[in-house]
Every structure is written in structure tokens, then in C-alpha cells.
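Here's the structure, in C-alpha cells; my notes come after.
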Amino acid sequence: MSTTHHPPNPEELRALAVRAAAEAGELAAEGQAGITVLDTKSSPTDVVTKMDRAAEELIRTRLLEARPHDAVLGEEGGGASGTSGVRWIVDPIDGTVNYLYGSPDWAVAIAAEVDGRVVAAAVNVPSRGEMFEAVLGHGSRRNGVALRAPDAVPLDRALVATGFGYFPERRAQQARVLLEVLPRVRDIRRCGAAAVDLTGLATGRCDAYYERGLNPWDWAAPGLVASEAGVRVGGAAGGPPSGDLVIAARPELYEALDALLAPLGADTDG
């Protein structure tokens with residue numbers, strides 16, 4: 001049997017991501033009312049539910065049914081190796097604590113990466129009835145309608161979203177950073193799900209976002225949605241997004257926020 005694979009079509013990858021995110025979102029939404037905490041991950045406040053695992057298993061199954069030679073990196077199940085050059089980056093439920101408490105701010109996020117670059121994405125926010133999708137170089141959409149992030153505002157008029165880590169030491173440093181940021185911006189929002197924050201940035205629900213301690217599955221899919229809507233998504237000191245820091249805003253506001261955060265140690269644990 002030949003192992004030759006044709007170059008992947010990003011539109012086909014996007015369509016597959018949308019189908020899998022829709023099905024997983026429906027499964028998770030149906031199960032939200034009766035959910036219980038299964039165990040913890042990195043700390044007692046970092047919970048995982050049985051639905052995280054069920055949703056990821058469904059997504060993994062759907063992706064590999066359609067594309068059996070692809071790799072899959074999932075938050076709950078780790079990585080599966082592949083030979084096609086395509087890697088899927090999956091967060092089955094981003095915002096697990098929100099999900100556990102019955103909050104609407106949680107999402108299913110699926111990104112397709114080719115040769116290390118995210119080329120297609122889907123983010124489903126079931127409680128809001130929103131499906132975001134994007135293809136590299138071809139824009140992003142919400143429920144089929146093209147997205148363009150609102151123009152930048154000055155830093156002192158910016159509504160800035162952020163989030164906090166799971167470890168006490170990191171939270172303490174993030175609080176110190178926040179004390180310096182809060183007087184210099186319009187206000188802060190903390191919804192508890194990076195995918196909801198980043199897609200919200202593309203729709204104008206906030207003006208900027210920053211957070212330390214994210215994983216690739218937290219920013220891969222929503223980051224493409226945001227960047228294809230005109231948002232700059234990066235990291236500390238003009239670098240790429242990383243676990244150290246993710247910053248996202250329209251380019252002019254990005255520069256101002258990056259300059260504010262840099263001396264505060266927002267990319268460190270203090």
C-alpha cells in the first residue's frame with residue numbers, strides 16, 4: 001500500500017474541523033447539566049471532567065476516520081504520531097471550570113497544523129450558538145459571516161481580557177502585573193476560557209488580550225480566527241505566542257500593551 005500523501009487542502013481541513021467541533025460541542029452541551037469533576041491535572045484548581053475525555057475521544061475518532069495518517073495533539077490524551085505532515089491540535093473543552101459551573105463561556109477548539117504552521121481552525125462556543133472558522137490567508141468567519149476586528153483604540157480606552165494560571169505562585173505574580181495594568185486601561189475582563197477571549201477579540205467583545213501559561217491547544221485555533229480578522233497574535237518582546245506569554249490586539253494597540261507588560265514581568269512567575 002502506498003504511503004504517498006497529497007498536499008492537504010486547508011479548506012478541507014477547515015470543513016473537517018468544523019464538523020468535529022460541532023459534534024463534540026453538541027455532546028458536551030448535552031452532558032453539561034450532570035457533569036462531575038473526574039480528577040485534577042496540574043493542581044487542585046485545574047479540573048478535568050469525564051466530558052473532556054469523551055469529547056476529545058470523539059474528535060480524535062472523527063479526525064482519524066477521515067484522515068488516518070494525521071497526528072493528533074490533544075489536551076487530555078496527549079499526542080498521536082502521524083505520517084501525513086498534518087497535526088491536529090485539540091482542546092475538547094476550553095474553560096472546564098466554567099463548564100463545570102454551568103457558565104456559557106467554554107468552547108471546543110480544533111486547529112490543523114501543516115509543517116508547523118496552523119492553516120485551518122474551528123472554534124465552537126455552543127452556549128452562544130457561535131461557530132468560528134478560519135483558513136490561513138482566507139479570513140475568518142462567525143456563523144458564516146466574515147469577521148473584521150474593530151479598529152485599535154488607545155491603551156487607556158482598551159477593554160483588556162486576561163486569565164490566571166493554576167499555581168498559587170503564578171497567580172500572585174499575575175495579580176501584581178494586574179495591579180499595574182488596571183489603572184492604565186479602560187477595564188479588565190476575565191472569562192476563564194482563552195478560546196472565548198481570542199474569538200471575542202475578533203468580534204469586538206474586547207480590545208486586547210494577554211495571558212501567561214497557555215498551551216498550544218489554548219491558542220492554536222482561536223489565534224488563527226483572531227489573526228485572520230486582523231488581530232496581531234504574538235508573545236513577549238515581539239516573539240511568537242508561547243507558554244511564557246500570549247498577547248493579542250490590533251497591531252497599534254499590541255505595541256502599546258507589549259510595552260506596558262514588558263517591564264512588569266508578565267512573562268515570568270516573579
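Numbering starts fresh at 1 for the residues of each chain in the C-alpha cells, the chains themselves are lettered A, B, ... in the order given, and ligands are numbered from 1 as they appear.
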Exercise for the section: Could you give me, as an MDAnalysis selection string, the residues within 8 Å of A:Leu214, counting only C-alpha atoms and dropping anything in the same chain fewer than 3 positions from it? Expected result: chainID A and resid 211 218:219 242:246
Which residues of stretch 99-127 of chain A sit at most 8 Å from stretch 83-92 of chain A, using only C-alpha atoms? Give each one's shortest atom pair and distance in Å (one decimal place), in chain and ascending residue order, as CSV.
residue,atom,partner,partner_atom,distance
A:Ala107,CA,A:Pro92,CA,7.6
A:Val108,CA,A:Pro92,CA,5.0
A:Ala109,CA,A:Asp91,CA,5.1
A:Ile110,CA,A:Val90,CA,4.7
A:Ala111,CA,A:Ile89,CA,5.1
A:Ala112,CA,A:Trp88,CA,4.6
A:Glu113,CA,A:Arg87,CA,5.0
A:Val114,CA,A:Val86,CA,4.8
A:Asp115,CA,A:Gly85,CA,6.0
Produce a table with one row for each residue of stretch 91-128 of chain A that has an atom at most 7 Å from any atom of stretch 180-196 of chain A, each row naming the nearest atom pair and its distance in Å at one decimal; use only C-alpha atoms; arrange rows by chain and rising residue number; format as JSON lines.
{"residue": "A:Asp94", "atom": "CA", "partner": "A:Ala193", "partner_atom": "CA", "distance": 5.6}
{"residue": "A:Gly95", "atom": "CA", "partner": "A:Ala193", "partner_atom": "CA", "distance": 4.4}
{"residue": "A:Asn98", "atom": "CA", "partner": "A:Gly192", "partner_atom": "CA", "distance": 6.8}
{"residue": "A:Asp105", "atom": "CA", "partner": "A:Val196", "partner_atom": "CA", "distance": 6.5}
{"residue": "A:Trp106", "atom": "CA", "partner": "A:Ala193", "partner_atom": "CA", "distance": 6.0}
{"residue": "A:Ala107", "atom": "CA", "partner": "A:Ala195", "partner_atom": "CA", "distance": 6.5}
Practice task
For A:Arg19, please output as JSON, numbers by chain all residues within 12 Å (counting only C-alpha atoms; exclusion window: fewer than 3 positions along the same chain).
Solution key: {"A": [12, 13, 14, 15, 16, 22, 23, 24, 25, 26, 58, 59, 62, 63, 66, 108, 109, 110, 121, 122, 123, 124, 131, 132, 133]}
Exercise for the section: Would you list, as a PyMOL selection string, the residues of stretch 49-270 of chain A that end up in strand (DSSP E) under DSSP run on this structure's backbone? Expected result: chain A and resi 49+71-74+78-80+86-94+107-114+117-125+130-135+140-142+145-146+159-162+187-189+208-211+232-234+246-249
Output of the above residues as a compact mmCIF listing (two decimals), in the first residue's frame, restricted to C-alpha atoms:
# COMPACT_ATOMS: atom_id res chain seq x y z
CA THR A 49 -14.32 16.17 33.66
CA ALA A 71 -1.12 13.29 14.04
CA VAL A 72 -3.35 14.48 16.87
CA LEU A 73 -2.24 16.53 19.87
CA GLY A 74 -4.99 16.71 22.46
CA GLY A 78 -1.52 13.59 24.60
CA GLY A 79 -0.16 13.15 21.10
CA ALA A 80 -0.68 10.51 18.41
CA VAL A 86 -0.73 17.32 9.25
CA ARG A 87 -1.09 17.66 13.02
CA TRP A 88 -4.39 18.45 14.71
CA ILE A 89 -4.27 20.50 17.92
CA VAL A 90 -7.37 19.88 20.00
CA ASP A 91 -8.87 21.41 23.13
CA PRO A 92 -12.07 19.42 23.74
CA ILE A 93 -13.41 21.82 26.37
CA ASP A 94 -11.56 25.09 26.87
CA ALA A 107 -15.51 26.22 23.76
CA VAL A 108 -14.36 23.33 21.59
CA ALA A 109 -11.22 24.31 19.65
CA ILE A 110 -9.63 22.36 16.78
CA ALA A 111 -6.70 23.54 14.66
CA ALA A 112 -4.92 21.88 11.74
CA GLU A 113 -1.18 22.46 11.53
CA VAL A 114 0.88 21.73 8.41
CA ARG A 117 2.02 26.31 10.85
CA VAL A 118 -1.69 26.46 11.71
CA VAL A 119 -3.60 26.63 8.41
CA ALA A 120 -7.20 25.91 9.42
CA ALA A 121 -9.29 26.19 12.56
CA ALA A 122 -12.71 25.81 14.10
CA VAL A 123 -13.89 27.10 17.49
CA ASN A 124 -17.38 26.17 18.64
CA VAL A 125 -18.95 28.12 21.53
CA GLU A 130 -21.34 30.50 17.63
CA MET A 131 -19.10 28.59 15.25
CA PHE A 132 -15.89 30.37 14.32
CA GLU A 133 -13.76 29.10 11.45
CA ALA A 134 -10.66 30.28 9.62
CA VAL A 135 -8.23 29.34 6.86
CA SER A 140 -12.24 34.05 9.39
CA ARG A 141 -15.98 33.76 9.86
CA ARG A 142 -18.56 33.52 12.62
CA VAL A 145 -20.23 35.83 8.22
CA ALA A 146 -16.78 37.32 7.59
CA LEU A 159 -11.02 46.70 27.37
CA VAL A 160 -8.39 44.06 28.08
CA ALA A 161 -9.12 40.37 28.65
CA THR A 162 -6.77 38.17 30.63
CA ASP A 187 -11.09 47.85 32.33
CA ILE A 188 -10.23 44.18 32.62
CA ARG A 189 -12.32 41.14 31.73
CA ALA A 208 -6.86 43.22 23.66
CA TYR A 209 -5.85 40.07 25.49
CA TYR A 210 -2.83 38.78 27.34
CA GLU A 211 -2.15 35.69 29.41
CA ARG A 232 -1.87 40.51 15.84
CA VAL A 233 -1.27 37.40 17.95
CA GLY A 234 2.20 37.05 19.44
CA VAL A 246 0.35 35.36 24.62
CA ILE A 247 -0.61 38.90 23.59
CA ALA A 248 -3.33 39.71 21.06
CA ALA A 249 -4.68 43.04 19.80
Problem - Sel. of helix (DSSP H, G or I) residues, stretch 94-256 of chain A, as a ChimeraX atom specification - result: /A:96-101,126-128,155-157,168-184,194-203,216-228,236-238,251-256
Problem - Close residues, A:Ala152 itself excluded, 8 Å, only C-alpha atoms, min 3 positions apart in chain, as a list of chain:residue names - result: A:Asp207, A:Ala249, A:Arg250, A:Pro251, A:Glu252, A:Leu253
Selection above as a file: N, CA, C and O atoms, as a PDB file, in the first residue's frame:
ATOM      1  N   ASP A 207     -10.841  44.560  23.413  1.00  0.00           N
ATOM      2  CA  ASP A 207      -9.889  45.214  22.513  1.00  0.00           C
ATOM      3  C   ASP A 207      -8.531  44.540  22.491  1.00  0.00           C
ATOM      4  O   ASP A 207      -7.773  44.686  21.530  1.00  0.00           O
ATOM      5  N   ALA A 249      -3.981  41.765  19.966  1.00  0.00           N
ATOM      6  CA  ALA A 249      -4.677  43.045  19.800  1.00  0.00           C
ATOM      7  C   ALA A 249      -4.445  43.515  18.370  1.00  0.00           C
ATOM      8  O   ALA A 249      -3.584  42.983  17.661  1.00  0.00           O
ATOM      9  N   ARG A 250      -5.196  44.524  17.958  1.00  0.00           N
ATOM     10  CA  ARG A 250      -4.858  45.200  16.711  1.00  0.00           C
ATOM     11  C   ARG A 250      -3.411  45.699  16.811  1.00  0.00           C
ATOM     12  O   ARG A 250      -2.952  46.063  17.892  1.00  0.00           O
ATOM     13  N   PRO A 251      -2.671  45.729  15.694  1.00  0.00           N
ATOM     14  CA  PRO A 251      -1.226  45.980  15.769  1.00  0.00           C
ATOM     15  C   PRO A 251      -0.806  47.199  16.590  1.00  0.00           C
ATOM     16  O   PRO A 251       0.119  47.113  17.399  1.00  0.00           O
ATOM     17  N   GLU A 252      -1.496  48.334  16.428  1.00  0.00           N
ATOM     18  CA  GLU A 252      -1.083  49.533  17.156  1.00  0.00           C
ATOM     19  C   GLU A 252      -1.263  49.351  18.663  1.00  0.00           C
ATOM     20  O   GLU A 252      -0.411  49.758  19.469  1.00  0.00           O
ATOM     21  N   LEU A 253      -2.367  48.759  19.050  1.00  0.00           N
ATOM     22  CA  LEU A 253      -2.629  48.531  20.474  1.00  0.00           C
ATOM     23  C   LEU A 253      -1.726  47.434  21.008  1.00  0.00           C
ATOM     24  O   LEU A 253      -1.296  47.483  22.169  1.00  0.00           O
TER      25      LEU A 253
END
Completion exercise
From the list A:Gly270, A:Gly137, A:Gly163, A:Gly265, the nearest residue to A:Ala229 using only C-alpha atoms is A:Gly137
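Between atom CA of A:Ala220 and atom CA of A:Gly102 the interatomic distance comes to 24.9 Å.
Of note, atom CA of A:Asn215 and atom CA of A:Arg60 are spaced 18.4 Å apart.
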